[in-house]
$ cat target32.csv   # CSV, C-alpha atoms
chain,number,residue,atom,x,y,z
V,1,MET,CA,-45.2,153.9,47.0
V,2,THR,CA,-44.3,156.2,49.9
V,3,GLY,CA,-44.9,155.6,53.6
V,4,THR,CA,-42.6,154.2,56.2
V,5,SER,CA,-40.6,151.6,54.4
V,6,SER,CA,-42.0,148.2,54.5
V,7,THR,CA,-40.4,144.9,53.3
V,8,PRO,CA,-42.6,142.2,51.7
V,9,GLN,CA,-41.8,139.9,54.6
V,10,ASP,CA,-43.8,141.9,57.1
V,11,THR,CA,-46.9,142.2,55.1
V,12,ARG,CA,-49.6,139.5,55.1
V,13,PHE,CA,-51.2,140.4,51.8
V,14,ALA,CA,-49.6,141.1,48.5
V,15,PRO,CA,-51.1,143.4,45.9
V,16,GLY,CA,-53.7,141.5,44.0
V,17,SER,CA,-54.8,139.5,47.0
V,18,PRO,CA,-58.6,139.1,47.5
V,19,VAL,CA,-59.5,140.1,51.0
V,20,ARG,CA,-62.5,140.6,53.2
V,21,VAL,CA,-62.9,143.3,55.8
V,22,SER,CA,-63.5,142.0,59.2
V,23,ASP,CA,-67.2,142.3,60.2
V,24,ARG,CA,-66.6,143.0,63.9
V,25,ALA,CA,-67.7,146.0,66.0
V,26,SER,CA,-65.2,148.5,67.2
V,27,LEU,CA,-65.1,150.4,70.5
V,28,GLY,CA,-64.0,154.0,70.3
V,29,HIS,CA,-61.8,155.6,67.6
V,30,CYS,CA,-61.4,153.3,64.5
V,31,ARG,CA,-60.5,154.1,60.9
V,32,THR,CA,-62.4,151.2,59.3
V,33,PRO,CA,-65.6,152.6,57.9
V,34,VAL,CA,-68.7,150.6,58.8
V,35,TYR,CA,-69.9,150.5,55.2
V,36,LEU,CA,-66.9,148.4,54.3
V,37,ARG,CA,-67.1,145.9,57.1
V,38,GLY,CA,-67.8,142.3,55.9
V,39,ARG,CA,-67.2,143.4,52.3
V,40,SER,CA,-64.9,141.8,49.8
V,41,GLY,CA,-62.2,143.8,48.0
V,42,THR,CA,-58.8,143.5,46.4
V,43,VAL,CA,-55.5,144.8,47.8
V,44,VAL,CA,-54.1,147.2,45.2
V,45,GLY,CA,-51.2,148.6,47.1
V,46,ILE,CA,-49.2,148.7,50.4
V,47,ALA,CA,-49.2,152.3,51.7
V,48,GLY,CA,-46.5,151.6,54.4
V,49,ARG,CA,-46.5,151.0,58.1
V,50,PHE,CA,-48.1,153.4,60.4
V,51,ARG,CA,-49.0,153.8,64.1
V,52,ASP,CA,-52.2,152.1,65.0
V,53,PRO,CA,-54.9,154.8,65.3
V,54,GLU,CA,-57.0,152.7,67.6
V,55,ARG,CA,-54.3,153.0,70.3
V,56,LEU,CA,-52.9,156.4,69.2
V,57,ALA,CA,-56.2,158.0,69.8
V,58,TYR,CA,-56.0,157.1,73.5
V,59,HIS,CA,-52.5,158.4,74.1
V,60,LYS,CA,-50.8,155.1,73.5
V,61,PRO,CA,-47.7,154.9,71.2
V,62,GLY,CA,-49.7,152.9,68.7
V,63,LEU,CA,-46.9,150.4,68.3
V,64,PRO,CA,-46.1,148.0,66.8
V,65,LEU,CA,-46.6,149.7,63.5
V,66,GLN,CA,-49.4,148.3,61.4
V,67,THR,CA,-49.3,147.7,57.7
V,68,LEU,CA,-51.8,149.9,55.9
V,69,TYR,CA,-53.2,148.6,52.6
V,70,ARG,CA,-55.0,150.3,49.8
V,71,VAL,CA,-58.0,148.1,49.1
V,72,ARG,CA,-60.3,148.5,46.1
V,73,PHE,CA,-64.0,147.6,46.1
V,74,SER,CA,-66.5,147.3,43.3
V,75,GLN,CA,-69.4,149.8,43.7
V,76,ARG,CA,-71.9,147.2,42.6
V,77,ASP,CA,-70.6,144.8,45.3
V,78,LEU,CA,-71.1,147.5,48.0
V,79,TRP,CA,-74.5,149.0,47.0
V,80,PRO,CA,-77.3,146.9,45.7
V,81,GLY,CA,-78.9,148.8,42.8
V,82,TYR,CA,-75.8,151.0,42.2
V,83,GLY,CA,-76.8,152.9,39.0
V,84,GLY,CA,-73.3,153.6,37.5
V,85,PRO,CA,-71.2,151.4,35.2
V,86,ALA,CA,-70.0,148.0,36.5
V,87,ASN,CA,-66.4,149.1,36.7
V,88,ASP,CA,-66.9,152.0,39.1
V,89,GLU,CA,-65.0,151.5,42.3
V,90,ILE,CA,-64.0,152.8,45.7
V,91,GLU,CA,-60.6,152.7,47.3
V,92,ALA,CA,-60.0,152.9,51.0
V,93,ASP,CA,-56.9,152.6,53.2
V,94,LEU,CA,-57.3,149.7,55.7
V,95,PHE,CA,-55.0,148.3,58.4
V,96,GLU,CA,-53.9,144.7,58.3
V,97,HIS,CA,-55.7,143.8,61.5
V,98,TRP,CA,-59.0,144.5,59.8
V,99,LEU,CA,-58.3,142.3,56.8
V,100,GLU,CA,-58.9,138.6,56.3
V,101,PRO,CA,-57.9,136.4,53.4
V,102,ASN,CA,-60.9,135.9,51.1
V,103,GLU,CA,-60.5,132.2,50.4
V,104,GLU,CA,-63.7,131.9,48.3
V,105,ARG,CA,-62.3,134.4,45.8
V,106,GLN,CA,-58.9,132.9,46.0
V,107,ARG,CA,-60.4,129.5,44.9
V,108,GLU,CA,-62.3,131.2,42.1
V,109,GLN,CA,-59.1,132.9,40.9
V,110,GLY,CA,-57.3,129.5,41.1
V,111,ARG,CA,-59.8,127.8,38.7
T,1,MET,CA,-68.4,182.6,83.5
T,2,SER,CA,-66.8,184.1,80.4
T,3,PRO,CA,-63.5,182.8,79.2
T,4,HIS,CA,-62.0,186.1,80.1
T,5,ASP,CA,-63.0,186.3,83.8
T,6,HIS,CA,-59.8,184.9,85.2
T,7,ASP,CA,-56.6,186.7,85.7
T,8,HIS,CA,-54.2,186.8,82.7
T,9,HIS,CA,-52.6,189.5,80.7
T,10,HIS,CA,-53.4,190.6,77.2
T,11,ASP,CA,-51.2,192.9,75.1
T,12,GLN,CA,-54.3,194.9,74.6
T,13,ASP,CA,-57.9,194.9,75.6
T,14,HIS,CA,-60.4,193.4,73.2
T,15,ALA,CA,-63.7,191.7,73.1
T,16,PRO,CA,-63.6,187.9,72.9
T,17,ILE,CA,-63.1,187.0,69.3
T,18,THR,CA,-65.6,184.4,68.1
T,19,ASP,CA,-66.4,183.0,64.7
T,20,GLN,CA,-70.0,183.9,64.7
T,21,ASP,CA,-72.4,186.0,66.6
T,22,GLY,CA,-74.5,183.1,67.9
T,23,PRO,CA,-74.3,181.7,71.4
T,24,ILE,CA,-71.0,180.0,72.2
T,25,SER,CA,-71.3,176.2,71.8
T,26,ARG,CA,-70.2,173.6,74.3
T,27,TYR,CA,-67.2,172.6,72.1
T,28,GLU,CA,-66.1,176.2,71.7
T,29,LEU,CA,-66.1,176.6,75.5
T,30,LEU,CA,-64.2,173.4,75.9
T,31,GLU,CA,-61.6,174.5,73.3
T,32,THR,CA,-61.2,177.9,74.9
T,33,ALA,CA,-60.8,176.3,78.4
T,34,ILE,CA,-58.2,173.8,77.2
T,35,ARG,CA,-56.3,176.4,75.1
T,36,GLU,CA,-56.1,178.8,78.0
T,37,LEU,CA,-55.0,176.1,80.4
T,38,LEU,CA,-52.3,175.0,78.1
T,39,ILE,CA,-51.1,178.6,77.7
T,40,GLU,CA,-51.2,179.2,81.4
T,41,LYS,CA,-49.2,176.0,82.0
T,42,GLY,CA,-46.6,177.2,79.6
T,43,LEU,CA,-46.9,174.4,77.1
T,44,PHE,CA,-47.0,177.0,74.3
T,45,THR,CA,-47.6,180.7,74.1
T,46,ALA,CA,-50.5,182.6,72.5
T,47,ALA,CA,-48.0,183.8,70.0
T,48,ASP,CA,-47.0,180.2,69.1
T,49,LEU,CA,-50.7,179.3,68.6
T,50,HIS,CA,-51.3,182.3,66.4
T,51,ALA,CA,-48.2,181.6,64.4
T,52,GLN,CA,-49.4,178.0,63.8
T,53,ILE,CA,-52.9,179.2,62.8
T,54,ASP,CA,-51.3,181.7,60.5
T,55,ALA,CA,-49.1,178.9,58.9
T,56,THR,CA,-52.1,176.6,58.5
T,57,GLU,CA,-54.2,179.3,56.9
T,58,SER,CA,-51.5,180.6,54.7
T,59,ARG,CA,-51.6,177.3,52.8
T,60,ASN,CA,-54.1,177.7,50.0
T,61,PRO,CA,-55.0,175.9,46.8
T,62,ALA,CA,-52.6,178.1,44.8
T,63,LEU,CA,-49.8,175.8,45.8
T,64,GLY,CA,-51.7,172.8,44.4
T,65,ALA,CA,-52.6,174.7,41.3
T,66,ASP,CA,-48.9,175.5,40.6
T,67,LEU,CA,-48.0,171.8,41.0
T,68,VAL,CA,-50.8,170.7,38.6
T,69,ALA,CA,-49.8,173.3,36.0
T,70,LYS,CA,-46.2,172.1,36.3
T,71,ALA,CA,-47.3,168.5,35.9
T,72,TRP,CA,-49.3,169.4,32.8
T,73,VAL,CA,-46.3,170.9,31.0
T,74,ASP,CA,-43.6,168.6,32.3
T,75,PRO,CA,-44.3,164.8,32.0
T,76,ALA,CA,-41.2,163.9,33.9
T,77,PHE,CA,-42.2,166.1,36.8
T,78,LYS,CA,-45.7,164.5,36.7
T,79,ALA,CA,-44.3,161.0,36.8
T,80,ASN,CA,-42.1,161.9,39.8
T,81,LEU,CA,-44.9,163.6,41.6
T,82,ILE,CA,-47.1,160.6,41.3
T,83,GLU,CA,-44.3,158.1,42.0
T,84,ASP,CA,-42.8,159.9,45.1
T,85,PRO,CA,-44.6,163.1,46.1
T,86,ARG,CA,-42.7,163.6,49.3
T,87,ALA,CA,-39.3,163.6,47.6
T,88,THR,CA,-40.5,165.5,44.6
T,89,LEU,CA,-42.0,168.3,46.7
T,90,GLY,CA,-39.0,168.2,49.1
T,91,GLU,CA,-36.7,169.0,46.2
T,92,MET,CA,-38.9,172.1,45.6
T,93,GLY,CA,-38.7,173.1,49.2
T,94,ILE,CA,-42.3,172.2,50.0
T,95,ASP,CA,-42.6,170.3,53.2
T,96,VAL,CA,-45.6,168.0,53.2
T,97,GLY,CA,-45.4,167.5,56.9
T,98,ALA,CA,-45.0,164.4,59.1
T,99,ILE,CA,-48.6,163.6,59.9
T,100,ALA,CA,-49.8,162.0,56.7
T,101,GLU,CA,-48.5,160.8,53.4
T,102,LEU,CA,-49.5,162.6,50.2
T,103,GLN,CA,-50.7,160.6,47.2
T,104,VAL,CA,-51.1,162.2,43.8
T,105,VAL,CA,-53.5,160.7,41.3
T,106,GLU,CA,-54.3,161.7,37.7
T,107,ASN,CA,-57.7,162.1,36.1
T,108,THR,CA,-57.9,161.0,32.5
T,109,ASP,CA,-60.6,160.5,29.8
T,110,ASP,CA,-61.0,157.0,31.1
T,111,LEU,CA,-60.7,157.4,34.9
T,112,HIS,CA,-62.1,160.1,37.2
T,113,HIS,CA,-61.0,160.2,40.8
T,114,VAL,CA,-63.0,162.0,43.5
T,115,VAL,CA,-61.8,162.3,47.1
T,116,VAL,CA,-63.7,162.1,50.3
T,117,CYS,CA,-63.1,161.3,54.0
T,118,THR,CA,-66.2,159.4,55.1
T,119,LEU,CA,-65.0,159.3,58.7
T,120,CYS,CA,-64.1,162.9,59.4
T,121,SER,CA,-62.5,165.6,57.1
T,122,CYS,CA,-59.1,164.3,56.2
T,123,TYR,CA,-57.8,166.6,53.4
T,124,PRO,CA,-54.4,167.4,51.8
T,125,ARG,CA,-54.1,170.6,53.9
T,126,MET,CA,-50.3,170.7,53.3
T,127,ILE,CA,-51.1,171.5,49.6
T,128,LEU,CA,-54.7,172.8,49.5
T,129,GLY,CA,-55.0,174.5,52.9
T,130,VAL,CA,-58.2,174.3,54.8
T,131,PRO,CA,-61.0,172.2,53.3
T,132,PRO,CA,-64.3,173.8,52.1
T,133,ALA,CA,-67.3,173.5,54.4
T,134,TRP,CA,-69.1,171.2,52.0
T,135,TYR,CA,-66.2,168.7,52.1
T,136,LYS,CA,-66.9,168.3,55.9
T,137,SER,CA,-70.6,168.0,55.5
T,138,THR,CA,-72.4,164.7,56.4
T,139,ALA,CA,-74.3,165.0,53.1
T,140,TYR,CA,-71.2,165.0,50.9
T,141,ARG,CA,-69.4,162.4,53.0
T,142,SER,CA,-72.2,159.9,53.0
T,143,ARG,CA,-73.5,160.4,49.5
T,144,VAL,CA,-70.4,160.6,47.3
T,145,VAL,CA,-69.4,157.0,48.2
T,146,LYS,CA,-72.9,155.7,47.3
T,147,ASP,CA,-73.8,157.8,44.4
T,148,PRO,CA,-70.7,159.6,43.1
T,149,ARG,CA,-72.1,160.3,39.7
T,150,GLY,CA,-75.2,161.9,41.1
T,151,VAL,CA,-73.2,164.0,43.5
T,152,LEU,CA,-70.8,165.1,40.7
T,153,GLN,CA,-73.8,166.0,38.6
T,154,GLU,CA,-74.9,168.3,41.4
T,155,PHE,CA,-71.5,169.9,41.2
T,156,GLY,CA,-72.1,170.5,37.5
T,157,LEU,CA,-69.8,167.6,36.4
T,158,GLU,CA,-71.5,165.2,34.0
T,159,LEU,CA,-69.4,162.1,33.3
T,160,THR,CA,-70.2,159.6,30.5
T,161,ASP,CA,-70.3,155.8,31.3
T,162,THR,CA,-67.0,155.4,29.4
T,163,THR,CA,-65.2,157.2,32.2
T,164,LYS,CA,-64.7,155.0,35.2
T,165,VAL,CA,-65.3,156.7,38.6
T,166,ARG,CA,-63.0,155.8,41.4
T,167,VAL,CA,-63.9,157.2,44.8
T,168,LEU,CA,-60.9,157.6,47.2
T,169,ASP,CA,-62.0,157.4,50.8
T,170,SER,CA,-59.1,158.9,52.9
T,171,THR,CA,-59.7,156.6,55.8
T,172,ALA,CA,-56.3,156.5,57.3
T,173,ASP,CA,-52.8,158.1,56.8
T,174,LEU,CA,-53.0,159.0,53.1
T,175,ARG,CA,-54.1,162.3,51.7
T,176,PHE,CA,-55.0,162.6,48.0
T,177,LEU,CA,-54.4,165.3,45.5
T,178,VAL,CA,-56.0,165.0,42.1
T,179,ILE,CA,-54.4,166.2,38.9
T,180,PRO,CA,-57.4,167.2,36.8
T,181,ARG,CA,-57.5,166.7,33.0
T,182,ARG,CA,-55.8,169.5,31.1
T,183,PRO,CA,-58.5,171.4,29.3
T,184,PRO,CA,-58.4,171.2,25.5
T,185,GLY,CA,-57.1,174.3,23.6
T,186,THR,CA,-54.5,175.2,26.3
T,187,GLU,CA,-51.4,174.1,24.4
T,188,ARG,CA,-50.1,177.6,24.0
T,189,LEU,CA,-50.7,178.7,27.6
T,190,ASP,CA,-47.7,179.0,29.9
T,191,GLU,CA,-47.5,177.4,33.4
T,192,ALA,CA,-48.7,180.6,35.2
T,193,ALA,CA,-51.7,180.9,32.9
T,194,LEU,CA,-52.5,177.2,33.3
T,195,ALA,CA,-52.4,177.4,37.1
T,196,GLN,CA,-55.2,180.0,36.9
T,197,LEU,CA,-57.4,177.2,35.4
T,198,VAL,CA,-56.8,174.8,38.3
T,199,THR,CA,-59.5,175.2,40.9
T,200,ARG,CA,-59.6,173.8,44.4
T,201,ASP,CA,-62.6,171.6,43.5
T,202,SER,CA,-60.8,170.2,40.4
T,203,MET,CA,-58.0,169.0,42.8
T,204,ILE,CA,-60.6,167.2,45.0
T,205,GLY,CA,-62.2,165.7,41.9
T,206,THR,CA,-65.6,167.4,42.1
T,207,ALA,CA,-65.0,169.5,39.1
T,208,GLU,CA,-62.9,169.8,35.9
T,209,ALA,CA,-60.2,172.4,35.5
T,210,LEU,CA,-61.6,175.6,34.1
T,211,ASP,CA,-62.1,175.9,30.3
T,212,PRO,CA,-60.2,179.0,29.1
T,213,GLN,CA,-62.7,179.4,26.2
T,214,SER,CA,-65.7,180.0,28.6

$ encode --input "target32.csv" --output "structure tokens"
Amino acid sequence: MTGTSSTPQDTRFAPGSPVRVSDRASLGHCRTPVYLRGRSGTVVGIAGRFRDPERLAYHKPGLPLQTLYRVRFSQRDLWPGYGGPANDEIEADLFEHWLEPNEERQREQGR
Amino acid sequence: MSPHDHDHHHDQDHAPITDQDGPISRYELLETAIRELLIEKGLFTAADLHAQIDATESRNPALGADLVAKAWVDPAFKANLIEDPRATLGEMGIDVGAIAELQVVENTDDLHHVVVCTLCSCYPRMILGVPPAWYKSTAYRSRVVKDPRGVLQEFGLELTDTTKVRVLDSTADLRFLVIPRRPPGTERLDEAALAQLVTRDSMIGTAEALDPQS
């Protein structure tokens, strides 16, 4: 995986981790789409560490760097009545400060 | 006031160049005002600006098509391109730029990727040039995430249920290039002939590569 190099120690979520996107509002420029807020997905990769776009957009350096994750969502989880096959999916790139551990799914996986 | 009322020097006289004949919009006026101020303040010259526009517009999908054709004929190159696009392209003298990271994904019989930027119009410009107008439209951006199979059908691409659809929403610093499936019956074509089959849309994932039989 490319991107500014990142060691496992600075990342909160490992690939395979179930996560939930924070369901909060944002003011101004933000790269977390509204349709994914509050939704559950799985980390499938760590893209690297990048400047925080929410600060960068307002002429701030955007530091410290934020870890960017590739997160996969099931289409059927996102859209009630999704007409395609059950394994259709969406991937988006989301910053660490928008992700929360999904304890419910973690427990399910632990069973 | 027209953008040309104030005192500055042109190499030659000309009418203001606009993209269309309609009335100038608020944002066009804003862009013109800021651009002229930056030039007057000496942050860059008009020649710098035009050189940059030229460089941006000189990138076109042919570069991506060459990469895809090479990936089709050379499995080791394809593996490297997917594993580390920046280094692989760097070795070929292709600079992917510092702004975003390129990711390369491969479409197969079982998995079809289609790329969108729901938030704006992020696009692998370093490889494909300027995005098509429909890519930036609200209709494409809002619909392809909800009903990708329906949207692909409107593009003329019918996928069976045995092919998984994975929508890639370029929400942040990654840009995606799709390697479409190599069309059947192309075993004897060379790289240059194969590149002719690779369309811009096939590298966004809204189409297959062209069928040489048709």

$ atom_distance --input "target32.csv" --atom1 "CA of Leu174 (chain T)" --atom2 "CA of Glu28 (chain T)"
28.5 Å

$ atom_distance --input "target32.csv" --atom1 "CA of Asp109 (chain T)" --atom2 "CA of Thr162 (chain T)"
8.2 Å

$ interface_residues --input "target32.csv" --of "chain T" --to "chain V" --cutoff "7 Å" --atoms "all atoms listed in the file" --output "list in words"
Glu83, Asp84, Glu101, Leu119, Lys146, Asp161, Lys164, Val165, Arg166, Val167, Leu168, Asp169, Ser170, Thr171 and Ala172 of chain T

$ residues_around --input "target32.csv" --residues "Val43 (chain V)" --least-positions-apart "5" --cutoff "6 Å" --atoms "all atoms listed in the file" --output "short mmCIF file (atom, residue, chain, number, x, y, z; two decimals) with C-alpha atoms, keeping the file's coordinate frame"
data_model
loop_
_atom_site.label_atom_id
_atom_site.label_comp_id
_atom_site.auth_asym_id
_atom_site.auth_seq_id
_atom_site.Cartn_x
_atom_site.Cartn_y
_atom_site.Cartn_z
CA PRO V 15 -51.10 143.40 45.90
CA GLY V 16 -53.70 141.50 44.00
CA SER V 17 -54.80 139.50 47.00
CA ARG V 70 -55.00 150.30 49.80
CA VAL V 71 -58.00 148.10 49.10
#

$ atom_distance --input "target32.csv" --atom1 "CA of Ser137 (chain T)" --atom2 "CA of Val116 (chain T)"
10.5 Å

$ residues_near_point --input "target32.csv" --point "(-52.5, 165.1, 43.0)" --cutoff "7 Å" --atoms "all atoms listed in the file" --output "PyMOL selection string"
chain T and resi 103-106+176-179+203

$ residues_around --input "target32.csv" --residues "Gln213 (chain T)" --least-positions-apart "5" --cutoff "12 Å" --atoms "all atoms listed in the file" --output "JSON, numbers by chain"
{"T": [183, 184, 185, 186, 197]}

$ residues_around --input "target32.csv" --residues "Ser22 (chain V)" --least-positions-apart "2" --cutoff "8 Å" --atoms "all atoms listed in the file" --output "list of chain:residue names"
V:Arg20, V:Arg24, V:Arg37, V:Gly38, V:Arg39, V:Trp98, V:Leu99, V:Glu100

$ build_atoms --input "target32.csv" --residues "region 97-107 of chain V" --atoms "all heavy atoms" --output "compact mmCIF listing (two decimals), in the coordinates of the input"
# COMPACT_ATOMS: atom_id res chain seq x y z
N HIS V 97 -54.88 144.50 60.55
CA HIS V 97 -55.70 143.80 61.50
C HIS V 97 -57.17 143.81 61.27
O HIS V 97 -57.95 143.21 62.00
CB HIS V 97 -55.32 144.18 62.98
CG HIS V 97 -55.58 145.63 63.28
ND1 HIS V 97 -54.79 146.64 62.80
CD2 HIS V 97 -56.53 146.23 64.03
CE1 HIS V 97 -55.25 147.81 63.25
NE2 HIS V 97 -56.30 147.57 63.99
N TRP V 98 -57.57 144.53 60.22
CA TRP V 98 -59.00 144.50 59.80
C TRP V 98 -59.22 143.67 58.57
O TRP V 98 -60.35 143.58 58.09
CB TRP V 98 -59.47 145.96 59.57
CG TRP V 98 -59.87 146.61 60.85
CD1 TRP V 98 -59.08 147.37 61.66
CD2 TRP V 98 -61.14 146.53 61.50
NE1 TRP V 98 -59.78 147.77 62.77
CE2 TRP V 98 -61.06 147.27 62.70
CE3 TRP V 98 -62.35 145.90 61.19
CZ2 TRP V 98 -62.13 147.40 63.58
CZ3 TRP V 98 -63.43 146.03 62.06
CH2 TRP V 98 -63.31 146.77 63.25
N LEU V 99 -58.17 143.07 58.03
CA LEU V 99 -58.30 142.30 56.80
C LEU V 99 -58.16 140.82 57.01
O LEU V 99 -57.33 140.39 57.81
CB LEU V 99 -57.30 142.81 55.75
CG LEU V 99 -57.42 144.27 55.33
CD1 LEU V 99 -56.31 144.61 54.34
CD2 LEU V 99 -58.79 144.56 54.72
N GLU V 100 -58.97 140.06 56.29
CA GLU V 100 -58.90 138.60 56.30
C GLU V 100 -58.71 138.11 54.91
O GLU V 100 -59.22 138.74 53.98
CB GLU V 100 -60.21 138.01 56.88
CG GLU V 100 -60.56 138.51 58.26
CD GLU V 100 -62.04 138.32 58.61
OE1 GLU V 100 -62.82 137.89 57.72
OE2 GLU V 100 -62.39 138.62 59.76
N PRO V 101 -58.02 136.97 54.73
CA PRO V 101 -57.90 136.40 53.40
C PRO V 101 -59.33 136.03 52.89
O PRO V 101 -60.13 135.53 53.67
CB PRO V 101 -57.00 135.23 53.50
CG PRO V 101 -56.89 134.94 54.95
CD PRO V 101 -57.32 136.14 55.72
N ASN V 102 -59.60 136.27 51.63
CA ASN V 102 -60.90 135.90 51.10
C ASN V 102 -60.72 134.59 50.31
O ASN V 102 -60.42 134.59 49.12
CB ASN V 102 -61.42 137.02 50.18
CG ASN V 102 -62.85 136.78 49.73
OD1 ASN V 102 -63.32 135.65 49.70
ND2 ASN V 102 -63.54 137.86 49.39
N GLU V 103 -60.88 133.47 51.02
CA GLU V 103 -60.50 132.20 50.40
C GLU V 103 -61.44 131.81 49.26
O GLU V 103 -61.00 131.22 48.28
CB GLU V 103 -60.57 131.08 51.50
CG GLU V 103 -59.26 131.05 52.29
CD GLU V 103 -59.47 130.90 53.78
OE1 GLU V 103 -60.60 130.56 54.20
OE2 GLU V 103 -58.51 131.16 54.55
N GLU V 104 -62.71 132.21 49.39
CA GLU V 104 -63.70 131.90 48.30
C GLU V 104 -63.18 132.50 46.99
O GLU V 104 -63.14 131.83 45.97
CB GLU V 104 -65.01 132.50 48.68
CG GLU V 104 -66.20 131.80 48.10
CD GLU V 104 -67.46 132.42 48.69
OE1 GLU V 104 -67.64 132.39 49.93
OE2 GLU V 104 -68.24 132.97 47.91
N ARG V 105 -62.80 133.77 47.05
CA ARG V 105 -62.30 134.40 45.80
C ARG V 105 -61.00 133.89 45.35
O ARG V 105 -60.72 133.84 44.16
CB ARG V 105 -62.26 135.95 46.00
CG ARG V 105 -63.61 136.59 45.91
CD ARG V 105 -63.52 138.01 45.37
NE ARG V 105 -64.83 138.64 45.52
CZ ARG V 105 -65.05 139.93 45.38
NH1 ARG V 105 -64.06 140.75 45.10
NH2 ARG V 105 -66.26 140.43 45.53
N GLN V 106 -60.20 133.49 46.34
CA GLN V 106 -58.90 132.90 46.00
C GLN V 106 -59.11 131.63 45.18
O GLN V 106 -58.45 131.41 44.16
CB GLN V 106 -58.11 132.56 47.25
CG GLN V 106 -56.97 133.51 47.50
CD GLN V 106 -56.47 133.47 48.93
OE1 GLN V 106 -56.96 132.71 49.76
NE2 GLN V 106 -55.50 134.32 49.21
N ARG V 107 -60.08 130.80 45.63
CA ARG V 107 -60.40 129.50 44.90
C ARG V 107 -60.89 129.84 43.52
O ARG V 107 -60.48 129.21 42.55
CB ARG V 107 -61.41 128.73 45.70
CG ARG V 107 -60.79 127.87 46.80
CD ARG V 107 -61.75 126.80 47.26
NE ARG V 107 -62.98 127.35 47.82
CZ ARG V 107 -63.11 127.73 49.09
NH1 ARG V 107 -62.11 127.60 49.93
NH2 ARG V 107 -64.25 128.22 49.54
